[in-house]
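Q: Sharing structure_9.txt (compact mmCIF, C-alpha atoms) below.
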```txt
# COMPACT_ATOMS: atom_id res chain seq x y z
CA GLY A 1 -36.86 126.64 -120.80
CA ILE A 2 -39.55 126.34 -118.14
CA LEU A 3 -43.12 127.52 -118.68
CA ASP A 4 -45.36 129.06 -116.01
CA ASP A 5 -47.05 125.72 -115.37
CA GLY A 6 -43.74 124.03 -114.78
CA ALA A 7 -43.54 122.28 -118.17
CA VAL A 8 -40.06 121.93 -119.53
CA ILE A 9 -39.24 122.80 -123.12
CA ILE A 10 -36.35 120.83 -124.51
CA ASN A 11 -34.40 122.56 -127.26
CA LEU A 12 -33.19 119.69 -129.40
CA GLU A 13 -31.13 121.98 -131.60
CA SER A 14 -29.01 123.19 -128.68
CA MET A 15 -28.62 119.66 -127.33
CA ILE A 16 -27.74 117.65 -130.40
CA GLY A 17 -27.11 120.20 -133.11
CA ILE A 18 -29.25 121.53 -135.94
CA SER A 19 -28.20 118.90 -138.48
CA ARG A 20 -28.96 115.91 -136.27
CA CYS A 21 -32.16 117.49 -135.01
CA SER A 22 -33.34 117.85 -138.59
CA THR A 23 -32.59 114.19 -139.26
CA ILE A 24 -34.50 113.03 -136.18
CA THR A 25 -37.42 115.30 -137.05
CA LYS A 26 -37.61 113.83 -140.55
CA ARG A 27 -37.57 110.31 -139.14
CA ILE A 28 -40.38 111.17 -136.72
CA ILE A 29 -42.45 112.70 -139.51
CA LYS A 30 -41.79 109.71 -141.76
CA TYR A 31 -42.81 107.30 -138.99
CA MET A 32 -46.02 109.26 -138.35
CA ASP A 33 -46.84 109.35 -142.06
CA GLU A 34 -46.28 105.62 -142.43
CA THR A 35 -48.33 104.87 -139.33
CA MET A 36 -51.23 107.09 -140.38
CA ASP A 37 -51.09 105.75 -143.93
CA SER A 38 -51.25 102.09 -142.97
CA TRP A 39 -54.25 99.78 -142.88
CA THR A 40 -54.49 96.76 -140.59
CA SER A 41 -56.43 93.67 -141.60
CA LYS A 42 -58.61 91.69 -139.21
CA LEU A 43 -55.79 89.15 -139.11
CA GLY A 44 -53.48 91.80 -137.67
CA ASN A 45 -51.20 92.45 -140.65
CA SER A 46 -50.47 95.99 -141.87
CA PHE A 47 -50.49 97.15 -145.49
CA PRO A 48 -50.26 100.53 -147.27
CA ARG A 49 -53.76 102.02 -147.07
CA ARG A 50 -53.43 103.56 -150.53
CA GLU A 51 -52.86 100.16 -152.13
CA ILE A 52 -55.74 98.57 -150.23
CA GLU A 53 -58.11 101.36 -151.25
CA LEU A 54 -56.96 101.27 -154.88
CA ASN A 55 -57.71 97.55 -154.99
CA GLU A 56 -61.05 97.82 -153.19
CA LYS A 57 -63.12 96.99 -156.28
CA SER A 58 -60.89 94.11 -157.33
CA SER A 59 -60.83 92.57 -153.87
CA LYS A 60 -64.62 92.79 -153.67
CA GLU A 61 -64.92 91.02 -157.04
CA PHE A 62 -62.48 88.39 -155.82
CA ILE A 63 -64.53 87.68 -152.69
CA ASP A 64 -67.70 87.53 -154.80
CA ASN A 65 -66.05 84.98 -157.08
CA LEU A 66 -65.08 82.87 -154.09
CA ARG A 67 -68.66 82.99 -152.82
CA LYS A 68 -69.85 81.66 -156.20
CA LEU A 69 -67.76 78.51 -155.93
CA THR A 70 -69.93 75.44 -155.42
CA HIS A 71 -68.60 74.60 -151.97
CA ASN A 72 -68.89 78.19 -150.73
CA LYS A 73 -72.43 78.94 -151.90
CA LYS A 74 -73.98 77.34 -148.83
CA CYS A 75 -73.28 78.40 -145.26
CA ALA A 76 -70.48 76.41 -143.66
CA ASP A 77 -72.56 75.95 -140.50
CA CYS A 78 -76.25 75.60 -141.38
CA GLY A 79 -76.08 74.95 -145.14
CA MET A 80 -78.41 77.80 -146.09
CA GLU A 81 -77.94 80.22 -148.98
CA PRO A 82 -76.71 82.82 -149.72
CA THR A 83 -73.39 83.36 -147.98
CA VAL A 84 -72.97 87.01 -147.06
CA TRP A 85 -70.49 86.78 -144.18
CA ALA A 86 -67.00 85.36 -143.87
CA SER A 87 -64.86 84.30 -140.94
CA VAL A 88 -61.43 85.46 -142.07
CA ASN A 89 -59.44 83.38 -139.58
CA LEU A 90 -61.45 80.19 -140.10
CA GLY A 91 -61.70 80.81 -143.85
CA VAL A 92 -65.40 79.98 -144.11
CA PHE A 93 -68.39 81.66 -145.75
CA LEU A 94 -71.57 82.04 -143.73
CA CYS A 95 -75.21 83.02 -144.10
CA LEU A 96 -76.58 86.17 -142.46
CA ARG A 97 -77.82 84.39 -139.35
CA CYS A 98 -74.71 82.33 -138.68
CA GLY A 99 -72.51 85.32 -139.44
CA SER A 100 -74.36 87.24 -136.73
CA ILE A 101 -73.85 84.36 -134.31
CA HIS A 102 -70.13 84.28 -135.10
CA ARG A 103 -69.98 87.95 -134.12
CA GLY A 104 -71.03 86.97 -130.62
CA ILE A 105 -68.74 84.02 -129.88
CA GLY A 106 -65.50 85.98 -129.52
CA THR A 107 -62.66 86.80 -131.89
CA HIS A 108 -60.50 84.16 -130.22
CA ILE A 109 -62.74 81.67 -132.05
CA SER A 110 -63.97 83.50 -135.13
CA ILE A 111 -63.23 86.86 -136.76
CA PRO A 112 -66.29 87.64 -138.91
CA LYS A 113 -66.43 90.13 -141.76
CA GLY A 114 -69.25 91.13 -144.07
CA CYS A 115 -68.89 90.23 -147.75
CA THR A 116 -71.50 92.62 -149.13
CA GLY A 117 -70.71 95.86 -147.33
CA THR A 118 -68.05 98.51 -147.81
CA TYR A 119 -65.31 96.65 -145.95
CA LEU A 120 -61.77 96.80 -147.27
CA TRP A 121 -59.99 93.46 -147.75
CA GLY A 122 -56.32 92.70 -147.24
CA PRO A 123 -54.17 90.22 -149.18
CA ASP A 124 -53.82 88.01 -146.10
CA GLU A 125 -57.60 87.84 -145.65
CA LEU A 126 -58.13 87.03 -149.33
CA GLN A 127 -55.49 84.33 -149.21
CA ASN A 128 -57.07 82.71 -146.16
CA MET A 129 -60.51 82.68 -147.74
CA ALA A 130 -59.15 81.22 -150.99
CA SER A 131 -56.85 78.60 -149.48
CA LEU A 132 -59.40 77.33 -146.97
CA GLY A 133 -63.11 77.60 -147.81
CA ASN A 134 -66.15 75.65 -146.67
CA ASP A 135 -65.06 72.30 -148.04
CA LYS A 136 -61.79 72.26 -146.15
CA ALA A 137 -63.57 73.52 -143.02
CA GLU A 138 -65.96 70.56 -143.17
CA ALA A 139 -63.04 68.15 -143.56
CA THR A 140 -61.31 69.82 -140.61
CA TYR A 141 -64.11 70.55 -138.15
CA GLY A 142 -66.95 68.28 -139.28
CA GLY A 143 -70.39 68.93 -137.82
CA LYS A 144 -72.53 68.54 -140.94
CA GLU A 145 -74.26 65.46 -139.57
CA SER A 146 -74.76 67.05 -136.15
CA ARG A 147 -76.43 70.31 -137.16
CA PRO A 148 -79.41 71.44 -135.07
CA PRO A 149 -82.77 71.86 -136.83
CA ILE A 150 -82.75 74.97 -139.02
CA ASN A 151 -85.52 76.47 -136.87
CA ALA A 152 -83.63 75.92 -133.61
CA SER A 153 -82.99 78.95 -131.43
CA ASP A 154 -79.90 81.15 -131.84
CA ASP A 155 -78.65 79.92 -128.46
CA ILE A 156 -78.70 76.32 -129.67
CA TRP A 157 -76.91 77.27 -132.88
CA LYS A 158 -74.36 79.29 -130.92
CA HIS A 159 -73.65 76.27 -128.73
CA PHE A 160 -73.22 74.11 -131.84
CA ILE A 161 -70.85 76.62 -133.50
CA VAL A 162 -68.67 76.94 -130.38
CA ASP A 163 -68.54 73.15 -130.04
CA LYS A 164 -67.59 72.90 -133.70
CA TYR A 165 -64.78 75.44 -133.91
CA GLU A 166 -63.44 75.93 -130.39
CA LYS A 167 -63.93 72.51 -128.87
CA ARG A 168 -63.66 70.63 -132.20
CA LYS A 169 -66.30 68.29 -130.91
CA TYR A 170 -67.19 66.96 -134.35
CA SER A 171 -63.70 66.73 -135.81
CA LYS A 172 -62.53 63.28 -136.86
CA ILE A 173 -58.89 64.28 -136.96
CA ARG A 174 -56.49 64.89 -134.13
CA GLU A 175 -56.01 68.49 -132.99
CA VAL A 176 -52.33 68.41 -133.94
CA GLU A 177 -53.35 67.60 -137.51
CA VAL A 178 -55.67 70.59 -137.77
CA ALA A 179 -52.85 73.12 -137.92
CA ASP A 180 -51.14 71.09 -140.65
CA LEU A 181 -54.33 70.92 -142.69
CA LEU A 182 -55.11 74.62 -142.33
CA ASN A 183 -51.45 75.60 -142.79
CA LEU A 184 -51.77 78.60 -140.49
CA ASP A 185 -48.20 78.78 -139.23
CA ASP A 186 -46.30 82.08 -139.26
CA LYS A 187 -44.62 81.24 -142.57
CA ALA A 188 -47.96 81.18 -144.33
CA PHE A 189 -47.92 84.94 -144.69
CA SER A 190 -44.26 85.52 -145.55
CA SER A 191 -43.85 84.12 -149.04
CA ASP A 192 -45.50 83.69 -152.42
CA GLN A 193 -47.87 80.75 -152.52
CA ALA A 194 -50.16 79.31 -155.17
CA TYR A 195 -53.54 77.75 -154.53
CA SER A 196 -55.86 75.99 -156.92
CA THR A 197 -59.58 75.37 -156.93
CA ASP A 198 -61.66 72.72 -158.65
CA ASP A 199 -64.15 75.22 -160.03
CA SER A 200 -62.41 76.76 -163.05
CA LYS A 201 -65.60 78.53 -164.09
CA HIS A 202 -64.87 81.40 -161.76
CA PHE A 203 -61.10 81.26 -161.33
CA SER A 204 -58.42 78.62 -161.54
CA THR A 205 -55.24 79.57 -159.74
CA LEU A 206 -54.60 82.16 -157.06
CA LYS A 207 -51.16 83.54 -156.38
CA ILE A 208 -50.99 86.16 -153.68
CA LYS A 209 -47.93 87.99 -152.44
CA THR A 210 -48.36 88.23 -148.71
CA THR A 211 -45.30 90.20 -147.68
CA GLN A 212 -45.98 93.28 -145.57
CA LYS A 213 -44.82 95.62 -148.33
CA ILE A 214 -46.64 96.06 -151.62
CA ASP A 215 -44.54 97.69 -154.31
CA ARG A 216 -45.87 100.96 -155.66
CA GLY A 217 -47.51 100.60 -159.03
CA GLU A 218 -47.93 96.85 -158.72
CA ASP A 219 -51.22 95.65 -160.22
CA PHE A 220 -51.80 93.24 -157.37
CA PHE A 221 -55.08 91.68 -158.48
CA SER A 222 -54.21 91.28 -162.18
CA GLN A 223 -52.50 88.02 -161.18
CA TYR A 224 -55.83 86.29 -160.84
CA GLY A 225 -57.89 87.99 -163.52
CA VAL A 226 -60.11 90.46 -161.64
```
If you convert what's in this file into structure tokens, what do you get?
A:
Amino acid sequence: GILDDGAVIINLESMIGISRCSTITKRIIKYMDETMDSWTSKLGNSFPRREIELNEKSSKEFIDNLRKLTHNKKCADCGMEPTVWASVNLGVFLCLRCGSIHRGIGTHISIPKGCTGTYLWGPDELQNMASLGNDKAEATYGGKESRPPINASDDIWKHFIVDKYEKRKYSKIREVEVADLLNLDDKAFSSDQAYSTDDSKHFSTLKIKTTQKIDRGEDFFSQYGV
């Protein structure tokens, strides 16, 4: 039919039949439900929102445990304590000041996320933070010996951080080796992987399932004791 304003109403039932129309309608509703019920991490992967929210407390405890590890207690950039920010793509923990600077250098370099707020955390983000960390970042990007004075301006620190992560000015390894060391290829988030840490006081082995689907009823975080 045609409305007064010229809009055309398409009667799906008359065009494709009631049975098929019902099937298409159900598929549309299902797609909308799944889309509205999904949660996307800062790394761009989607997960069931219900599962992420159910595991909010456990994921927060997990991040706190990572922050307590010896090599993550001090900011990856300036060396100050405590670490209250994280860069989920670089896998480093940062102090308040450096975290704020990371927020201003562009997500093509660093994707920062607060560790002490009400942020939800995804399995892919947790895996990145656990498998990388400040010690591996130092081995990859360097810069510890080239840090500006702690009382240097934010502009100077911003320049240092961009040189460190984007330009890899302080890295002692070839750029092609960086990807191998960080293991950030597409396969990194498509299978079960185990990672170990040297600090068994807080946790020993992490095993995270990073497929897009999380089975209903699965106690995701019980695998690593939180």
Q: Looking at A:Thr116, A:Asn151, A:Asn72, A:Asn134, which one is nearest to Leu90 in chain A, with distances taken over only C-alpha atoms?
A: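 Looking only at the distances to Leu90 in chain A, the closest residue turns out to be A:Asn134.
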Q: Could you list, as number ranges by chain, every residue within 10 Å of range 80-88 of chain A, counting all atoms listed in the file and ignoring same-chain residues fewer than 6 positions away?
A: A: 41-43, 63-64, 67-68, 72-74, 94-100, 102-103, 107, 109-117, 121, 124-129, 132-133, 150
Q: Quote the spacing between CA of Ile173 in chain A and CA of Ile161 in chain A in Å to one decimal place.
A: 17.5 Å
Q: Which residues come within 6 Å of range 141-145 of chain A, counting all atoms listed in the file, excluding same-chain residues fewer than 4 positions away, as an MDAnalysis selection string?
A: chainID A and resid 137 168 170:171
Q: Could you write out that same residue set with C-alpha atoms as a compact mmCIF listing (two decimals), in the coordinates of the input?
A:
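Wrote result_19.txt, looks like this:
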```txt
# COMPACT_ATOMS: atom_id res chain seq x y z
CA ALA A 137 -63.57 73.52 -143.02
CA ARG A 168 -63.66 70.63 -132.20
CA TYR A 170 -67.19 66.96 -134.35
CA SER A 171 -63.70 66.73 -135.81
```
Q: Could you work out how far CA of Thr140 in chain A lies from CA of Lys172 in chain A, giving the answer in Å with one decimal?
A: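 CA of Thr140 in chain A lies at a distance of 7.6 Å from CA of Lys172 in chain A.
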Q: Quick one, how far is CA of Lys57 in chain A from CA of Cys75 in chain A?
A: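 CA of Cys75 in chain A lies 23.9 Å from CA of Lys57 in chain A.
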Q: From the set A:Asp135, A:Asn45, A:Lys169, A:His159, which residue has the shortest atom-to-atom contact distance to Gly79 in chain A, counting all atoms listed in the file?
A: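 Answer, going by the shortest atom-to-atom distance: A:Asp135.
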Q: Using only C-alpha atoms, which of A:Pro148, A:Lys164, A:His108, A:Pro123 sits nearest Cys78 in chain A?
A: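 Looking at the shortest contact to Cys78 in chain A, the residue is A:Pro148.
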Q: Let me make sure I understand: among A:Glu61, A:Asp37, A:Asp163, A:Glu53, which one has the smallest atom-to-atom distance to Arg147 in chain A if we use all atoms listed in the file?
A: A:Asp163
Q: Nearest to Ile101 in chain A among A:Ser38, A:Trp157, A:Ser146, A:Lys167, with distances taken over all atoms listed in the file: which residue is it?
A: A:Trp157
Q: Taking all atoms listed in the file into account, name the residue in A:Ser46, A:Thr23, A:Ala130, A:Asp155 that is nearest to Asn65 in chain A.
A: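 Among the listed residues, A:Ala130 lies closest to Asn65 in chain A.
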